[in-house]
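J.: After the structure tokens below, expect a handful of questions from me.
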Protein chains: 2
Amino acid sequence: MVATPSERLAARTLELIDVPSESRDERALAGYVLGALEAGGVAGRDAGDTCVLGGVLERGERPLVLLAGHLDTVPAQGNHPGRIEGGAVHGLGAADMKGSLAVMLELALAGAGGGAVDLGYVFFGREELPVAEGALTPLLGREPGLRGADLAVMMEPTAGAIQAGCLGNVNATWTFRGRGGHSARPWLADNAVHRAGAGIASLAAREPVAHRFEGLAFTEVVSVTRVVGGIAQNVVPDVATAHVNYRYPPGMPAADAQARLRGWCEPHGELHIDSDAPSAPVVAGHPLVRSLVEAGDLAVEAKQAWTPIAEFAAHGLPAINLGPGDPAMAHTREERVEIAALVGVYELLAGWAG
Amino acid sequence: MVATPSERLAARTLELIDVPSESRDERALAGYVLGALEAGGVAGRDAGDTCVLGGVLERGERPLVLLAGHLDTVPAQGNHPGRIEGGAVHGLGAADMKGSLAVMLELALAGAGGGAVDLGYVFFGREELPVAEGALTPLLGREPGLRGADLAVMMEPTAGAIQAGCLGNVNATWTFRGRGGHSARPWLADNAVHRAGAGIASLAAREPVAHRFEGLAFTEVVSVTRVVGGIAQNVVPDVATAHVNYRYPPGMPAADAQARLRGWCEPHGELHIDSDAPSAPVVAGHPLVRSLVEAGDLAVEAKQAWTPIAEFAAHGLPAINLGPGDPAMAHTREERVEIAALVGVYELLAGWAG
């Protein structure tokens, strides 16, 4: 008896969960993926740096759509190995994003694509680390064929909706300097922690700002996520340091975003931009995206976060987010993915690509 | 040829510096002090817990004045052993307060006192630690003779002035609680570091308040001396913690001081009082203090800090601060005490006590 798509997808997701692949330890899973492609007679190759490519990898006569998935997970939290229970596959990475990797593999093995579009499969690592350490941007740099694609579908958990665009993400260190002294005579000193308090209070007073971009609502927000200062109970400290995390909407150039942040922070202390992951444009109006939306009667939402679609965008590729996992499950101890959601996205993509 | 007081005091200070005595490691120095008293034929005894007592230790016909010194120093900073150079003795504890210990020992060996007043000598440890860990309060508890004295002169560095009264000193932990979340959607969370910023900014806005007490000016001040919060760049933190140091003037009851601090802090976060070292009254009008001031034509100032005179005061003993070291030298790498200052305080006390 041939297994149903539901059985195949559930079993594949469980197998993928059970090959550990925390960030920087993706080698075994890359080997598993390549082996599965080869065993199924599907074109696949090792693209270096534990990246694996499969399916159609150059633009031919049909539009080329890349389905992209990251191999790595966050660290385990007592949720490994996985299990199948209650109509869902449970375990580390189930939603983010081994369920999506299973959909990709099963589409490849089923020979999906070749009707309306060709499908290429892009597996890569280190996505859960800061973007400068990820494997996707270097991969796109060394694979010109991929850059010729028409659309990338980054299969991050979106609960089956299309999440378009993504926020830019600035991480910065904010340093407050004063002059040390004895806390019995603080007027002879200049308290850096007090300076930090004023700065943080000022930044915290900034309300979220709604922006519409290409018809979708994105929210610009800034948070102080860490602070540290002081050396002793009775010493007025001369330095304190805070970490600022700023999310800016598509359509705002990175230079403008950084200038805005500097304008808010620098009256209070020195600001050093540690990293700036760019935003990605909304491509909901792209003909391929419109046809996909129609094929699945999909909701189209703003992605209120940063995702690797920004890395595709930086290489000139239109990209969206679409995956079966529920974003609320990502990175949780109770992580799971519904089998029906796996089937839904699998059938949508298979039917659409032909 | 008999050494001059100047030579004796300088040599004694250097010997005392060269016996290491960081807090909790005072045993060798206590042994040195007891040995020096015994070698000079002066009554002295081991009072337990590395405390040493010498001279007159019970009130007789004359007023009894205790000269008190702590044996311990802060940790070395490349300033040990000591040396004599340029009219000063240099090294760890020179000002705070081995120069004073030398003055005490040389007065005892010279048989000072017995004219206007009797002199008793109180050497104790762990003064540089939080007051609850110090050796003086337990010593006063087990030595009723000391509690019958008329005046205690705590020989902390005052540059030869009388510094009367001392501030109360509250140390407290201020905890700000929120609700964690993703920094891309901070409106779904409640940022504890932002709450800390508002609290710190509010407390920092409190200007120092001048108080006059018994004719001297004390300044009430509050500082946030440490802060820490946050677990990751992209996580809105659910808790942040600050340390508050509050100095309140003599005349303000400890309960009132704590209530004031709670009133400022608790609208922003939970406040836990970790310790409260009480203030000490100003006893500048005491007849013995007045006669000492006249004998030396001394300046009388407020002690804008906390000192062990509060521990004497808590046991009912009037107490003042007076010592040869410059307070600005205390705890510094360049610590030193002028030999002329040692001689000045030695001759003042010898002449006054008779």
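Ordered as shown in the structure tokens, chains take letters A, B, and onward, while each chain numbers its residues from 1 and ligands are numbered from 1 in the order shown.
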Would you mind writing down, as a ChimeraX atom specification, each residue of stretch 36-155 of chain B that DSSP on the backbone assigns to strand (DSSP E)?

T.: /B:44-46,52-55,64-70,83-85,88-90,118-124,151-154

J.: Considering only C-alpha atoms, give me a table of residues in stretch 18-83 of chain B that are at most 7 Å from stretch 98-111 of chain B, with the closest atom pair and distance in Å for each, as JSON lines.

T.:
```
{"residue": "B:Leu37", "atom": "CA", "partner": "B:Leu109", "partner_atom": "CA", "distance": 6.8}
{"residue": "B:Gly40", "atom": "CA", "partner": "B:Leu109", "partner_atom": "CA", "distance": 5.8}
{"residue": "B:Val42", "atom": "CA", "partner": "B:Leu109", "partner_atom": "CA", "distance": 6.4}
{"residue": "B:Gly55", "atom": "CA", "partner": "B:Ala108", "partner_atom": "CA", "distance": 6.5}
{"residue": "B:Leu67", "atom": "CA", "partner": "B:Met104", "partner_atom": "CA", "distance": 7.0}
{"residue": "B:Gly69", "atom": "CA", "partner": "B:Leu101", "partner_atom": "CA", "distance": 6.1}
```

J.: Out of A:Asp72, A:Glu128, A:Asp118, A:Asp49, which residue has the shortest atom-to-atom distance to chain B when counting only C-alpha atoms?

T.: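 Looking at the shortest contact to chain B, the residue is A:Glu128.
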
J.: Could you tell me, as JSON, numbers by chain, which residues of stretch 241-323 of chain B DSSP assigns to helix (DSSP H, G or I) when given the backbone?

T.: {"B": [254, 255, 256, 257, 258, 259, 260, 261, 262, 263, 264, 265, 287, 288, 289, 290, 291, 292, 293, 294, 295, 296, 309, 310, 311, 312, 313, 314]}

J.: Please build the interface table for chain B against chain A with a cut-off of 6 Å, listing for each qualifying residue the nearest atom pair and the distance in Å to one decimal; count only C-alpha atoms, order rows by chain and increasing number, and write it as JSON lines.

T.:
```
{"residue": "B:Ala184", "atom": "CA", "partner": "A:Ala305", "partner_atom": "CA", "distance": 5.4}
{"residue": "B:His194", "atom": "CA", "partner": "A:Ala204", "partner_atom": "CA", "distance": 5.7}
{"residue": "B:Gly197", "atom": "CA", "partner": "A:Gly197", "partner_atom": "CA", "distance": 4.1}
{"residue": "B:Ala198", "atom": "CA", "partner": "A:Ala201", "partner_atom": "CA", "distance": 5.0}
{"residue": "B:Ile200", "atom": "CA", "partner": "A:Gly197", "partner_atom": "CA", "distance": 5.0}
{"residue": "B:Ala201", "atom": "CA", "partner": "A:Gly197", "partner_atom": "CA", "distance": 4.8}
{"residue": "B:Ala204", "atom": "CA", "partner": "A:His194", "partner_atom": "CA", "distance": 5.7}
{"residue": "B:Thr225", "atom": "CA", "partner": "A:Gly230", "partner_atom": "CA", "distance": 5.5}
{"residue": "B:Arg226", "atom": "CA", "partner": "A:Gly230", "partner_atom": "CA", "distance": 4.1}
{"residue": "B:Val227", "atom": "CA", "partner": "A:Gly229", "partner_atom": "CA", "distance": 5.3}
{"residue": "B:Val228", "atom": "CA", "partner": "A:Val228", "partner_atom": "CA", "distance": 4.4}
{"residue": "B:Gly229", "atom": "CA", "partner": "A:Val227", "partner_atom": "CA", "distance": 5.3}
{"residue": "B:Gly230", "atom": "CA", "partner": "A:Arg226", "partner_atom": "CA", "distance": 4.1}
{"residue": "B:Gln233", "atom": "CA", "partner": "A:Thr225", "partner_atom": "CA", "distance": 5.7}
{"residue": "B:Val236", "atom": "CA", "partner": "A:Thr225", "partner_atom": "CA", "distance": 5.5}
{"residue": "B:Ala305", "atom": "CA", "partner": "A:Ala184", "partner_atom": "CA", "distance": 5.3}
```

J.: Got time to write the residues from that selection, N, CA, C and O atoms, as an mmCIF file, in the first residue's frame?

T.:
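Contents of again.cif, as written:
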```cif
data_model
loop_
_atom_site.group_PDB
_atom_site.id
_atom_site.type_symbol
_atom_site.label_atom_id
_atom_site.label_comp_id
_atom_site.auth_asym_id
_atom_site.auth_seq_id
_atom_site.Cartn_x
_atom_site.Cartn_y
_atom_site.Cartn_z
ATOM 1 N N ALA B 184 10.486 42.499 18.081
ATOM 2 C CA ALA B 184 9.818 42.990 16.863
ATOM 3 C C ALA B 184 8.366 43.379 17.152
ATOM 4 O O ALA B 184 7.757 44.093 16.359
ATOM 5 N N HIS B 194 12.841 49.305 30.331
ATOM 6 C CA HIS B 194 12.195 50.616 30.175
ATOM 7 C C HIS B 194 11.621 51.083 31.512
ATOM 8 O O HIS B 194 11.726 52.264 31.861
ATOM 9 N N GLY B 197 14.452 52.384 33.472
ATOM 10 C CA GLY B 197 14.869 53.706 33.005
ATOM 11 C C GLY B 197 14.018 54.806 33.605
ATOM 12 O O GLY B 197 14.523 55.833 34.074
ATOM 13 N N ALA B 198 12.704 54.588 33.629
ATOM 14 C CA ALA B 198 11.802 55.599 34.196
ATOM 15 C C ALA B 198 12.068 55.779 35.687
ATOM 16 O O ALA B 198 12.107 56.909 36.200
ATOM 17 N N ILE B 200 14.877 55.098 37.391
ATOM 18 C CA ILE B 200 16.192 55.710 37.622
ATOM 19 C C ILE B 200 16.143 57.198 37.292
ATOM 20 O O ILE B 200 16.670 58.032 38.031
ATOM 21 N N ALA B 201 15.488 57.539 36.183
ATOM 22 C CA ALA B 201 15.391 58.952 35.803
ATOM 23 C C ALA B 201 14.659 59.738 36.890
ATOM 24 O O ALA B 201 15.030 60.878 37.218
ATOM 25 N N ALA B 204 17.025 60.025 39.891
ATOM 26 C CA ALA B 204 18.163 60.895 39.568
ATOM 27 C C ALA B 204 17.760 62.369 39.577
ATOM 28 O O ALA B 204 18.600 63.251 39.743
ATOM 29 N N THR B 225 23.608 52.983 41.954
ATOM 30 C CA THR B 225 25.026 52.695 41.727
ATOM 31 C C THR B 225 25.259 51.489 40.811
ATOM 32 O O THR B 225 26.360 51.322 40.301
ATOM 33 N N ARG B 226 24.238 50.641 40.636
ATOM 34 C CA ARG B 226 24.386 49.526 39.701
ATOM 35 C C ARG B 226 23.048 49.284 39.031
ATOM 36 O O ARG B 226 21.998 49.511 39.639
ATOM 37 N N VAL B 227 23.097 48.743 37.818
ATOM 38 C CA VAL B 227 21.871 48.304 37.140
ATOM 39 C C VAL B 227 22.221 47.147 36.231
ATOM 40 O O VAL B 227 23.321 47.101 35.662
ATOM 41 N N VAL B 228 21.301 46.196 36.118
ATOM 42 C CA VAL B 228 21.505 45.104 35.173
ATOM 43 C C VAL B 228 20.142 44.568 34.732
ATOM 44 O O VAL B 228 19.200 44.505 35.523
ATOM 45 N N GLY B 229 20.032 44.249 33.450
ATOM 46 C CA GLY B 229 18.784 43.673 32.952
ATOM 47 C C GLY B 229 18.943 43.218 31.518
ATOM 48 O O GLY B 229 19.767 43.751 30.780
ATOM 49 N N GLY B 230 18.141 42.203 31.126
ATOM 50 C CA GLY B 230 18.132 41.757 29.733
ATOM 51 C C GLY B 230 18.845 40.444 29.537
ATOM 52 O O GLY B 230 19.790 40.115 30.255
ATOM 53 N N GLN B 233 19.660 40.264 22.619
ATOM 54 C CA GLN B 233 19.456 41.482 21.840
ATOM 55 C C GLN B 233 18.025 41.644 21.366
ATOM 56 O O GLN B 233 17.543 42.765 21.197
ATOM 57 N N VAL B 236 12.507 41.297 24.606
ATOM 58 C CA VAL B 236 12.076 42.296 25.580
ATOM 59 C C VAL B 236 12.161 41.645 26.956
ATOM 60 O O VAL B 236 11.530 40.609 27.191
ATOM 61 N N ALA B 305 29.774 61.182 55.206
ATOM 62 C CA ALA B 305 29.983 59.767 54.898
ATOM 63 C C ALA B 305 29.497 59.000 56.112
ATOM 64 O O ALA B 305 28.976 59.597 57.052
#
```

J.: To one decimal place, how far is atom CA of A:Pro267 from atom CA of B:Asp190 in Å?

T.: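 Separating atom CA of A:Pro267 from atom CA of B:Asp190 is a distance of 24.8 Å.
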
J.: I want to know what sits within 9 Å of stretch 323-332 of chain A, based on only C-alpha atoms, with residues of the same chain fewer than 3 positions away left out; could you give that as a count of residues only?

T.: 36

J.: Pick out the closest residue to B:Leu140 from this set: B:Trp264, B:Asp18, B:Ala217, B:Gly48. Count only C-alpha atoms.

T.: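 Checking each candidate against B:Leu140, we get B:Gly48 as the closest.
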